[in-house]
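Structure file query-v6.tsv with TSV, N, CA, C and O atoms:
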```
chain	number	residue	atom	x	y	z
A	1403	MET	N	83.10	89.09	87.96
A	1403	MET	CA	84.02	88.32	88.77
A	1403	MET	C	83.22	87.67	89.87
A	1403	MET	O	82.20	88.19	90.31
A	1404	SER	N	83.68	86.50	90.34
A	1404	SER	CA	82.99	85.84	91.44
A	1404	SER	C	83.99	85.35	92.48
A	1404	SER	O	85.14	85.03	92.18
A	1405	VAL	N	83.54	85.34	93.72
A	1405	VAL	CA	84.32	84.86	94.85
A	1405	VAL	C	83.43	83.93	95.65
A	1405	VAL	O	82.32	84.30	96.04
A	1406	ASP	N	83.90	82.71	95.85
A	1406	ASP	CA	83.13	81.71	96.59
A	1406	ASP	C	81.73	81.53	96.00
A	1406	ASP	O	80.76	81.41	96.74
A	1407	GLY	N	81.64	81.57	94.67
A	1407	GLY	CA	80.36	81.38	93.99
A	1407	GLY	C	79.44	82.58	94.03
A	1407	GLY	O	78.31	82.52	93.58
A	1408	ARG	N	79.92	83.69	94.55
A	1408	ARG	CA	79.12	84.90	94.67
A	1408	ARG	C	79.64	85.94	93.68
A	1408	ARG	O	80.83	86.21	93.63
A	1409	GLU	N	78.73	86.50	92.88
A	1409	GLU	CA	79.13	87.52	91.91
A	1409	GLU	C	79.53	88.82	92.61
A	1409	GLU	O	78.84	89.27	93.52
A	1410	ILE	N	80.64	89.38	92.16
A	1410	ILE	CA	81.16	90.63	92.72
A	1410	ILE	C	81.20	91.66	91.59
A	1410	ILE	O	81.79	91.41	90.55
A	1411	ALA	N	80.58	92.80	91.82
A	1411	ALA	CA	80.59	93.88	90.83
A	1411	ALA	C	81.65	94.90	91.22
A	1411	ALA	O	81.54	95.54	92.27
A	1412	LEU	N	82.68	95.03	90.42
A	1412	LEU	CA	83.74	96.00	90.65
A	1412	LEU	C	83.64	97.12	89.62
A	1412	LEU	O	83.27	96.88	88.47
A	1413	THR	N	83.99	98.32	90.04
A	1413	THR	CA	84.08	99.42	89.08
A	1413	THR	C	85.32	99.17	88.21
A	1413	THR	O	86.20	98.39	88.59
A	1414	PRO	N	85.43	99.84	87.08
A	1414	PRO	CA	86.63	99.67	86.26
A	1414	PRO	C	87.93	99.97	87.02
A	1414	PRO	O	88.91	99.25	86.87
A	1415	LEU	N	87.95	101.01	87.85
A	1415	LEU	CA	89.16	101.33	88.60
A	1415	LEU	C	89.47	100.25	89.64
A	1415	LEU	O	90.62	99.85	89.81
A	1416	GLU	N	88.44	99.77	90.34
A	1416	GLU	CA	88.64	98.69	91.31
A	1416	GLU	C	89.18	97.45	90.62
A	1416	GLU	O	90.11	96.80	91.11
A	1417	PHE	N	88.62	97.13	89.46
A	1417	PHE	CA	89.09	95.96	88.72
A	1417	PHE	C	90.55	96.12	88.31
A	1417	PHE	O	91.35	95.19	88.46
A	1418	GLU	N	90.93	97.30	87.83
A	1418	GLU	CA	92.31	97.53	87.40
A	1418	GLU	C	93.28	97.44	88.57
A	1418	GLU	O	94.39	96.92	88.42
A	1419	ILE	N	92.89	97.95	89.73
A	1419	ILE	CA	93.76	97.84	90.91
A	1419	ILE	C	93.93	96.38	91.29
A	1419	ILE	O	95.06	95.91	91.49
A	1420	LEU	N	92.83	95.64	91.36
A	1420	LEU	CA	92.91	94.23	91.74
A	1420	LEU	C	93.70	93.43	90.71
A	1420	LEU	O	94.53	92.60	91.07
A	1421	LEU	N	93.49	93.70	89.43
A	1421	LEU	CA	94.22	93.02	88.37
A	1421	LEU	C	95.72	93.31	88.47
A	1421	LEU	O	96.54	92.40	88.36
A	1422	THR	N	96.07	94.57	88.69
A	1422	THR	CA	97.48	94.95	88.82
A	1422	THR	C	98.14	94.17	89.95
A	1422	THR	O	99.23	93.62	89.79
A	1423	LEU	N	97.48	94.10	91.09
A	1423	LEU	CA	98.03	93.37	92.23
A	1423	LEU	C	98.09	91.87	91.96
A	1423	LEU	O	99.09	91.21	92.26
A	1424	ALA	N	97.03	91.32	91.38
A	1424	ALA	CA	96.94	89.87	91.18
A	1424	ALA	C	97.90	89.36	90.12
A	1424	ALA	O	98.29	88.19	90.16
A	1425	GLN	N	98.30	90.20	89.19
A	1425	GLN	CA	99.23	89.76	88.15
A	1425	GLN	C	100.62	89.48	88.70
A	1425	GLN	O	101.39	88.74	88.09
A	1426	ASP	N	100.95	90.06	89.85
A	1426	ASP	CA	102.26	89.86	90.48
A	1426	ASP	C	102.08	89.55	91.96
A	1426	ASP	O	102.42	90.36	92.83
A	1427	PRO	N	101.54	88.36	92.30
A	1427	PRO	CA	101.31	88.03	93.71
A	1427	PRO	C	102.59	88.16	94.53
A	1427	PRO	O	103.67	87.77	94.08
A	1428	GLY	N	102.45	88.74	95.70
A	1428	GLY	CA	103.59	88.90	96.60
A	1428	GLY	C	104.38	90.16	96.38
A	1428	GLY	O	105.13	90.60	97.26
A	1429	VAL	N	104.25	90.79	95.21
A	1429	VAL	CA	104.98	92.02	94.92
A	1429	VAL	C	104.23	93.18	95.58
A	1429	VAL	O	103.02	93.32	95.42
A	1430	VAL	N	104.96	93.98	96.34
A	1430	VAL	CA	104.35	95.12	97.03
A	1430	VAL	C	104.39	96.33	96.11
A	1430	VAL	O	105.45	96.70	95.60
A	1431	PHE	N	103.23	96.91	95.89
A	1431	PHE	CA	103.10	98.12	95.09
A	1431	PHE	C	102.84	99.30	96.02
A	1431	PHE	O	101.96	99.23	96.88
A	1432	THR	N	103.60	100.37	95.84
A	1432	THR	CA	103.32	101.59	96.59
A	1432	THR	C	102.05	102.22	96.04
A	1432	THR	O	101.60	101.91	94.92
A	1433	ARG	N	101.49	103.12	96.80
A	1433	ARG	CA	100.30	103.85	96.32
A	1433	ARG	C	100.63	104.59	95.03
A	1433	ARG	O	99.83	104.63	94.11
A	1434	GLU	N	101.82	105.16	94.99
A	1434	GLU	CA	102.23	105.93	93.80
A	1434	GLU	C	102.36	105.02	92.58
A	1434	GLU	O	101.98	105.41	91.48
A	1435	GLN	N	102.89	103.82	92.77
A	1435	GLN	CA	103.00	102.87	91.65
A	1435	GLN	C	101.62	102.47	91.15
A	1435	GLN	O	101.41	102.37	89.94
A	1436	LEU	N	100.70	102.24	92.08
A	1436	LEU	CA	99.33	101.89	91.66
A	1436	LEU	C	98.68	103.04	90.91
A	1436	LEU	O	98.02	102.83	89.90
A	1437	MET	N	98.87	104.26	91.40
A	1437	MET	CA	98.30	105.42	90.70
A	1437	MET	C	98.88	105.53	89.30
A	1437	MET	O	98.16	105.81	88.34
A	1438	ASP	N	100.18	105.30	89.18
A	1438	ASP	CA	100.84	105.38	87.88
A	1438	ASP	C	100.28	104.32	86.93
A	1438	ASP	O	99.97	104.60	85.78
A	1439	ARG	N	100.14	103.09	87.41
A	1439	ARG	CA	99.69	102.00	86.55
A	1439	ARG	C	98.20	102.07	86.24
A	1439	ARG	O	97.79	101.75	85.13
A	1440	VAL	N	97.39	102.46	87.20
A	1440	VAL	CA	95.94	102.44	87.02
A	1440	VAL	C	95.41	103.76	86.46
A	1440	VAL	O	94.63	103.78	85.52
A	1441	TRP	N	95.86	104.87	87.04
A	1441	TRP	CA	95.38	106.18	86.61
A	1441	TRP	C	96.26	106.78	85.52
A	1441	TRP	O	95.85	107.71	84.84
A	1442	GLY	N	97.50	106.30	85.40
A	1442	GLY	CA	98.40	106.83	84.38
A	1442	GLY	C	99.20	108.04	84.82
A	1442	GLY	O	99.82	108.71	84.01
A	1443	TYR	N	99.19	108.34	86.11
A	1443	TYR	CA	100.00	109.44	86.63
A	1443	TYR	C	100.28	109.19	88.10
A	1443	TYR	O	99.65	108.36	88.74
A	1444	ARG	N	101.24	109.95	88.61
A	1444	ARG	CA	101.57	109.87	90.04
A	1444	ARG	C	101.16	111.16	90.71
A	1444	ARG	O	101.45	112.24	90.20
A	1445	ASP	N	100.52	111.02	91.83
A	1445	ASP	CA	100.12	112.17	92.63
A	1445	ASP	C	100.48	111.82	94.07
A	1445	ASP	O	99.74	111.15	94.76
A	1446	TYR	N	101.65	112.26	94.48
A	1446	TYR	CA	102.16	111.86	95.79
A	1446	TYR	C	101.28	112.33	96.93
A	1446	TYR	O	101.30	111.76	98.01
A	1447	ALA	N	100.49	113.36	96.71
A	1447	ALA	CA	99.60	113.85	97.76
A	1447	ALA	C	98.27	113.10	97.76
A	1447	ALA	O	97.52	113.16	98.72
A	1448	GLY	N	97.97	112.36	96.69
A	1448	GLY	CA	96.66	111.74	96.56
A	1448	GLY	C	96.61	110.25	96.82
A	1448	GLY	O	95.68	109.57	96.38
A	1449	GLY	N	97.59	109.72	97.53
A	1449	GLY	CA	97.63	108.28	97.78
A	1449	GLY	C	96.45	107.75	98.55
A	1449	GLY	O	96.13	106.56	98.46
A	1450	ARG	N	95.76	108.60	99.27
A	1450	ARG	CA	94.58	108.16	100.03
A	1450	ARG	C	93.45	107.70	99.10
A	1450	ARG	O	92.60	106.93	99.50
A	1451	VAL	N	93.46	108.17	97.88
A	1451	VAL	CA	92.48	107.70	96.90
A	1451	VAL	C	92.64	106.20	96.70
A	1451	VAL	O	91.66	105.45	96.63
A	1452	VAL	N	93.87	105.74	96.64
A	1452	VAL	CA	94.15	104.31	96.49
A	1452	VAL	C	93.63	103.57	97.71
A	1452	VAL	O	92.97	102.53	97.57
A	1453	ASP	N	93.87	104.11	98.90
A	1453	ASP	CA	93.38	103.47	100.12
A	1453	ASP	C	91.87	103.30	100.10
A	1453	ASP	O	91.35	102.25	100.48
A	1454	SER	N	91.17	104.32	99.64
A	1454	SER	CA	89.70	104.25	99.57
A	1454	SER	C	89.24	103.16	98.61
A	1454	SER	O	88.31	102.40	98.92
A	1455	HIS	N	89.88	103.07	97.46
A	1455	HIS	CA	89.51	102.04	96.49
A	1455	HIS	C	89.82	100.64	97.02
A	1455	HIS	O	89.01	99.72	96.85
A	1456	VAL	N	90.96	100.47	97.66
A	1456	VAL	CA	91.31	99.17	98.22
A	1456	VAL	C	90.31	98.78	99.31
A	1456	VAL	O	89.89	97.63	99.39
A	1457	ALA	N	89.91	99.74	100.13
A	1457	ALA	CA	88.91	99.45	101.17
A	1457	ALA	C	87.60	98.97	100.55
A	1457	ALA	O	86.98	98.01	101.04
A	1458	ARG	N	87.17	99.61	99.47
A	1458	ARG	CA	85.93	99.19	98.79
A	1458	ARG	C	86.09	97.80	98.17
A	1458	ARG	O	85.17	96.97	98.23
A	1459	ILE	N	87.26	97.55	97.57
A	1459	ILE	CA	87.52	96.22	96.99
A	1459	ILE	C	87.42	95.17	98.08
A	1459	ILE	O	86.77	94.13	97.91
A	1460	ARG	N	88.04	95.42	99.22
A	1460	ARG	CA	88.01	94.46	100.32
A	1460	ARG	C	86.59	94.20	100.80
A	1460	ARG	O	86.22	93.06	101.06
A	1461	ARG	N	85.80	95.27	100.95
A	1461	ARG	CA	84.40	95.09	101.38
A	1461	ARG	C	83.65	94.21	100.39
A	1461	ARG	O	82.92	93.31	100.78
A	1462	LYS	N	83.83	94.49	99.11
A	1462	LYS	CA	83.13	93.73	98.09
A	1462	LYS	C	83.57	92.27	98.06
A	1462	LYS	O	82.78	91.38	97.76
A	1463	LEU	N	84.84	92.02	98.38
A	1463	LEU	CA	85.36	90.65	98.41
A	1463	LEU	C	85.01	89.94	99.72
A	1463	LEU	O	85.27	88.75	99.86
A	1464	GLY	N	84.45	90.67	100.67
A	1464	GLY	CA	84.08	90.09	101.94
A	1464	GLY	C	85.26	89.87	102.87
A	1464	GLY	O	85.22	88.99	103.73
A	1465	GLU	N	86.29	90.67	102.71
A	1465	GLU	CA	87.48	90.54	103.54
A	1465	GLU	C	87.33	91.34	104.82
A	1465	GLU	O	86.71	92.40	104.83
A	1466	ASP	N	87.95	90.82	105.88
A	1466	ASP	CA	88.07	91.64	107.08
A	1466	ASP	C	89.47	92.23	107.10
A	1466	ASP	O	90.36	91.78	106.39
A	1467	GLY	N	89.66	93.25	107.89
A	1467	GLY	CA	90.95	93.94	107.91
A	1467	GLY	C	92.04	93.18	108.64
A	1467	GLY	O	93.21	93.48	108.47
A	1468	VAL	N	91.67	92.19	109.44
A	1468	VAL	CA	92.65	91.48	110.25
A	1468	VAL	C	93.37	90.40	109.45
A	1468	VAL	O	94.59	90.33	109.45
A	1469	GLU	N	92.63	89.57	108.75
A	1469	GLU	CA	93.21	88.47	107.97
A	1469	GLU	C	92.68	88.51	106.53
A	1469	GLU	O	91.86	87.67	106.15
A	1470	PRO	N	93.11	89.47	105.73
A	1470	PRO	CA	92.60	89.55	104.35
A	1470	PRO	C	93.03	88.33	103.54
A	1470	PRO	O	94.16	87.86	103.65
A	1471	ARG	N	92.11	87.80	102.75
A	1471	ARG	CA	92.40	86.63	101.91
A	1471	ARG	C	93.13	87.00	100.64
A	1471	ARG	O	93.85	86.18	100.08
A	1472	PHE	N	92.90	88.19	100.13
A	1472	PHE	CA	93.42	88.54	98.81
A	1472	PHE	C	94.42	89.69	98.83
A	1472	PHE	O	95.52	89.56	98.32
A	1473	VAL	N	94.04	90.83	99.37
A	1473	VAL	CA	94.88	92.02	99.33
A	1473	VAL	C	95.41	92.30	100.73
A	1473	VAL	O	94.65	92.53	101.65
A	1474	ARG	N	96.74	92.27	100.86
A	1474	ARG	CA	97.32	92.56	102.16
A	1474	ARG	C	97.98	93.94	102.14
A	1474	ARG	O	98.44	94.41	101.11
A	1475	THR	N	97.98	94.57	103.29
A	1475	THR	CA	98.62	95.86	103.45
A	1475	THR	C	100.03	95.64	103.97
A	1475	THR	O	100.24	94.86	104.89
A	1476	VAL	N	100.97	96.33	103.37
A	1476	VAL	CA	102.34	96.36	103.88
A	1476	VAL	C	102.49	97.76	104.46
A	1476	VAL	O	102.65	98.74	103.73
A	1477	HIS	N	102.37	97.85	105.78
A	1477	HIS	CA	102.31	99.14	106.46
A	1477	HIS	C	103.52	100.01	106.12
A	1477	HIS	O	104.65	99.55	106.12
A	1478	GLY	N	103.21	101.25	105.78
A	1478	GLY	CA	104.24	102.21	105.43
A	1478	GLY	C	104.75	102.08	104.00
A	1478	GLY	O	105.58	102.87	103.57
A	1479	VAL	N	104.25	101.06	103.27
A	1479	VAL	CA	104.73	100.85	101.90
A	1479	VAL	C	103.57	100.88	100.91
A	1479	VAL	O	103.51	101.73	100.03
A	1480	GLY	N	102.65	99.93	101.00
A	1480	GLY	CA	101.55	99.86	100.04
A	1480	GLY	C	100.76	98.58	100.17
A	1480	GLY	O	100.48	98.12	101.28
A	1481	TYR	N	100.47	97.95	99.02
A	1481	TYR	CA	99.59	96.78	98.97
A	1481	TYR	C	100.20	95.68	98.10
A	1481	TYR	O	100.94	95.95	97.17
A	1482	ALA	N	99.81	94.45	98.43
A	1482	ALA	CA	100.24	93.30	97.64
A	1482	ALA	C	99.10	92.29	97.59
A	1482	ALA	O	98.29	92.21	98.52
A	1483	PHE	N	99.04	91.54	96.51
A	1483	PHE	CA	98.10	90.43	96.41
A	1483	PHE	C	98.72	89.27	97.16
A	1483	PHE	O	99.90	88.95	96.96
A	1484	ARG	N	97.97	88.64	98.02
A	1484	ARG	CA	98.48	87.57	98.85
A	1484	ARG	C	98.83	86.35	98.00
A	1484	ARG	O	98.04	85.91	97.18
A	1485	GLU	N	100.04	85.86	98.20
A	1485	GLU	CA	100.47	84.63	97.51
A	1485	GLU	C	99.77	83.45	98.16
A	1485	GLU	O	99.44	83.48	99.33
A	1486	GLU	N	99.54	82.39	97.38
A	1486	GLU	CA	98.84	81.22	97.91
A	1486	GLU	C	99.49	80.68	99.17
A	1486	GLU	O	98.81	80.38	100.13
A	1487	ARG	N	100.78	80.58	99.18
A	1487	ARG	CA	101.45	79.99	100.34
A	1487	ARG	C	101.36	80.86	101.58
A	1487	ARG	O	101.52	80.40	102.68
A	1488	GLU	N	101.10	82.17	101.42
A	1488	GLU	CA	100.96	83.04	102.58
A	1488	GLU	C	99.76	82.66	103.42
A	1488	GLU	O	99.80	82.76	104.62
A	1489	GLY	N	98.68	82.25	102.77
A	1489	GLY	CA	97.46	81.92	103.49
A	1489	GLY	C	97.40	80.48	103.92
A	1489	GLY	O	96.51	80.07	104.65
A	1490	ALA	N	98.34	79.64	103.50
A	1490	ALA	CA	98.31	78.22	103.83
A	1490	ALA	C	98.71	78.00	105.28
A	1490	ALA	O	99.58	78.68	105.81
A	1491	SER	N	98.07	77.06	105.92
A	1491	SER	CA	98.40	76.76	107.32
A	1491	SER	C	99.29	75.55	107.40
A	1491	SER	O	99.17	74.63	106.69
```
Spit out the file's structure as structure tokens when you get a sec.
Amino acid sequence: MSVDGREIALTPLEFEILLTLAQDPGVVFTREQLMDRVWGYRDYAGGRVVDSHVARIRRKLGEDGVEPRFVRTVHGVGYAFREEREGAS
């Protein structure tokens, strides 16, 4: 995968998380939904694993936590892939 002409190496799990989010831009996925879709099970106590993977994805994509270009956090809920119009000025 590449971003701004720069190759990005994602692990299979990182790729699956990003793909899951990107297939439905704007749709907010809870940590549990992501675990179910990517790992194939729900572990309500293990949602922090998702947070760690999303943090690594963001670092690799060159995102800052204030204005992410791709993956946004919906506090208290989960994550969503940013829709094009969200980032438009």
Worksheet item: If we count only C-alpha atoms, what is near Leu1463 in chain A at a cut-off of 12 Å, once residues fewer than 6 positions away on the same chain are taken out, given as a PyMOL selection string?
Response: chain A and resi 1403-1412+1416-1417+1420+1456-1457+1470-1473
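Comparing A:His1455, A:Arg1474, A:Arg1484, A:Arg1450 by their smallest distance to Pro1427 in chain A, the closest is A:Arg1484 (using all atoms listed in the file).
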Worksheet item: Residues of chain A in helix (DSSP H, G or I) according to DSSP, as JSON, numbers by chain?
Response: {"A": [1414, 1415, 1416, 1417, 1418, 1419, 1420, 1421, 1422, 1423, 1424, 1425, 1433, 1434, 1435, 1436, 1437, 1438, 1439, 1440, 1441, 1449, 1450, 1451, 1452, 1453, 1454, 1455, 1456, 1457, 1458, 1459, 1460, 1461, 1462, 1463, 1486, 1487, 1488, 1489]}
Write the residues of the selection above to a file with N, CA, C and O atoms, as a compact mmCIF listing (two decimals), keeping the file's coordinate frame.
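out_17.txt, freshly written:
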```
# COMPACT_ATOMS: atom_id res chain seq x y z
N PRO A 1414 85.43 99.84 87.08
CA PRO A 1414 86.63 99.67 86.26
C PRO A 1414 87.93 99.97 87.02
O PRO A 1414 88.91 99.25 86.87
N LEU A 1415 87.95 101.01 87.85
CA LEU A 1415 89.16 101.33 88.60
C LEU A 1415 89.47 100.25 89.64
O LEU A 1415 90.62 99.85 89.81
N GLU A 1416 88.44 99.77 90.34
CA GLU A 1416 88.64 98.69 91.31
C GLU A 1416 89.18 97.45 90.62
O GLU A 1416 90.11 96.80 91.11
N PHE A 1417 88.62 97.13 89.46
CA PHE A 1417 89.09 95.96 88.72
C PHE A 1417 90.55 96.12 88.31
O PHE A 1417 91.35 95.19 88.46
N GLU A 1418 90.93 97.30 87.83
CA GLU A 1418 92.31 97.53 87.40
C GLU A 1418 93.28 97.44 88.57
O GLU A 1418 94.39 96.92 88.42
N ILE A 1419 92.89 97.95 89.73
CA ILE A 1419 93.76 97.84 90.91
C ILE A 1419 93.93 96.38 91.29
O ILE A 1419 95.06 95.91 91.49
N LEU A 1420 92.83 95.64 91.36
CA LEU A 1420 92.91 94.23 91.74
C LEU A 1420 93.70 93.43 90.71
O LEU A 1420 94.53 92.60 91.07
N LEU A 1421 93.49 93.70 89.43
CA LEU A 1421 94.22 93.02 88.37
C LEU A 1421 95.72 93.31 88.47
O LEU A 1421 96.54 92.40 88.36
N THR A 1422 96.07 94.57 88.69
CA THR A 1422 97.48 94.95 88.82
C THR A 1422 98.14 94.17 89.95
O THR A 1422 99.23 93.62 89.79
N LEU A 1423 97.48 94.10 91.09
CA LEU A 1423 98.03 93.37 92.23
C LEU A 1423 98.09 91.87 91.96
O LEU A 1423 99.09 91.21 92.26
N ALA A 1424 97.03 91.32 91.38
CA ALA A 1424 96.94 89.87 91.18
C ALA A 1424 97.90 89.36 90.12
O ALA A 1424 98.29 88.19 90.16
N GLN A 1425 98.30 90.20 89.19
CA GLN A 1425 99.23 89.76 88.15
C GLN A 1425 100.62 89.48 88.70
O GLN A 1425 101.39 88.74 88.09
N ARG A 1433 101.49 103.12 96.80
CA ARG A 1433 100.30 103.85 96.32
C ARG A 1433 100.63 104.59 95.03
O ARG A 1433 99.83 104.63 94.11
N GLU A 1434 101.82 105.16 94.99
CA GLU A 1434 102.23 105.93 93.80
C GLU A 1434 102.36 105.02 92.58
O GLU A 1434 101.98 105.41 91.48
N GLN A 1435 102.89 103.82 92.77
CA GLN A 1435 103.00 102.87 91.65
C GLN A 1435 101.62 102.47 91.15
O GLN A 1435 101.41 102.37 89.94
N LEU A 1436 100.70 102.24 92.08
CA LEU A 1436 99.33 101.89 91.66
C LEU A 1436 98.68 103.04 90.91
O LEU A 1436 98.02 102.83 89.90
N MET A 1437 98.87 104.26 91.40
CA MET A 1437 98.30 105.42 90.70
C MET A 1437 98.88 105.53 89.30
O MET A 1437 98.16 105.81 88.34
N ASP A 1438 100.18 105.30 89.18
CA ASP A 1438 100.84 105.38 87.88
C ASP A 1438 100.28 104.32 86.93
O ASP A 1438 99.97 104.60 85.78
N ARG A 1439 100.14 103.09 87.41
CA ARG A 1439 99.69 102.00 86.55
C ARG A 1439 98.20 102.07 86.24
O ARG A 1439 97.79 101.75 85.13
N VAL A 1440 97.39 102.46 87.20
CA VAL A 1440 95.94 102.44 87.02
C VAL A 1440 95.41 103.76 86.46
O VAL A 1440 94.63 103.78 85.52
N TRP A 1441 95.86 104.87 87.04
CA TRP A 1441 95.38 106.18 86.61
C TRP A 1441 96.26 106.78 85.52
O TRP A 1441 95.85 107.71 84.84
N GLY A 1449 97.59 109.72 97.53
CA GLY A 1449 97.63 108.28 97.78
C GLY A 1449 96.45 107.75 98.55
O GLY A 1449 96.13 106.56 98.46
N ARG A 1450 95.76 108.60 99.27
CA ARG A 1450 94.58 108.16 100.03
C ARG A 1450 93.45 107.70 99.10
O ARG A 1450 92.60 106.93 99.50
N VAL A 1451 93.46 108.17 97.88
CA VAL A 1451 92.48 107.70 96.90
C VAL A 1451 92.64 106.20 96.70
O VAL A 1451 91.66 105.45 96.63
N VAL A 1452 93.87 105.74 96.64
CA VAL A 1452 94.15 104.31 96.49
C VAL A 1452 93.63 103.57 97.71
O VAL A 1452 92.97 102.53 97.57
N ASP A 1453 93.87 104.11 98.90
CA ASP A 1453 93.38 103.47 100.12
C ASP A 1453 91.87 103.30 100.10
O ASP A 1453 91.35 102.25 100.48
N SER A 1454 91.17 104.32 99.64
CA SER A 1454 89.70 104.25 99.57
C SER A 1454 89.24 103.16 98.61
O SER A 1454 88.31 102.40 98.92
N HIS A 1455 89.88 103.07 97.46
CA HIS A 1455 89.51 102.04 96.49
C HIS A 1455 89.82 100.64 97.02
O HIS A 1455 89.01 99.72 96.85
N VAL A 1456 90.96 100.47 97.66
CA VAL A 1456 91.31 99.17 98.22
C VAL A 1456 90.31 98.78 99.31
O VAL A 1456 89.89 97.63 99.39
N ALA A 1457 89.91 99.74 100.13
CA ALA A 1457 88.91 99.45 101.17
C ALA A 1457 87.60 98.97 100.55
O ALA A 1457 86.98 98.01 101.04
N ARG A 1458 87.17 99.61 99.47
CA ARG A 1458 85.93 99.19 98.79
C ARG A 1458 86.09 97.80 98.17
O ARG A 1458 85.17 96.97 98.23
N ILE A 1459 87.26 97.55 97.57
CA ILE A 1459 87.52 96.22 96.99
C ILE A 1459 87.42 95.17 98.08
O ILE A 1459 86.77 94.13 97.91
N ARG A 1460 88.04 95.42 99.22
CA ARG A 1460 88.01 94.46 100.32
C ARG A 1460 86.59 94.20 100.80
O ARG A 1460 86.22 93.06 101.06
N ARG A 1461 85.80 95.27 100.95
CA ARG A 1461 84.40 95.09 101.38
C ARG A 1461 83.65 94.21 100.39
O ARG A 1461 82.92 93.31 100.78
N LYS A 1462 83.83 94.49 99.11
CA LYS A 1462 83.13 93.73 98.09
C LYS A 1462 83.57 92.27 98.06
O LYS A 1462 82.78 91.38 97.76
N LEU A 1463 84.84 92.02 98.38
CA LEU A 1463 85.36 90.65 98.41
C LEU A 1463 85.01 89.94 99.72
O LEU A 1463 85.27 88.75 99.86
N GLU A 1486 99.54 82.39 97.38
CA GLU A 1486 98.84 81.22 97.91
C GLU A 1486 99.49 80.68 99.17
O GLU A 1486 98.81 80.38 100.13
N ARG A 1487 100.78 80.58 99.18
CA ARG A 1487 101.45 79.99 100.34
C ARG A 1487 101.36 80.86 101.58
O ARG A 1487 101.52 80.40 102.68
N GLU A 1488 101.10 82.17 101.42
CA GLU A 1488 100.96 83.04 102.58
C GLU A 1488 99.76 82.66 103.42
O GLU A 1488 99.80 82.76 104.62
N GLY A 1489 98.68 82.25 102.77
CA GLY A 1489 97.46 81.92 103.49
C GLY A 1489 97.40 80.48 103.92
O GLY A 1489 96.51 80.07 104.65
```
Item to complete: Return as a VMD selection string the full set of residues in chain A whose backbone-based DSSP assignment is strand (DSSP E).
Response: chain A and resid 1404 to 1405 1408 to 1409 1431 to 1432 1473 to 1476 1480 to 1483
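For the atom pair formed by atom N of Arg1458 in chain A and atom N of Ala1482 in chain A, the distance is 13.7 Å, given to one decimal.
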Practice prompt. Work out how far apart atom C of His1477 in chain A and atom N of Val1451 in chain A are and give it in Å to one decimal.
Written response: 15.4 Å
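The two atoms in question, CA of Leu1421 in chain A and CA of Arg1461 in chain A, are spaced 16.4 Å apart.
Distances here use only C-alpha atoms; by that measure, the residue among A:Ile1459, A:Thr1432, A:Tyr1443, A:Gly1449 closest to Pro1414 in chain A is A:Ile1459.
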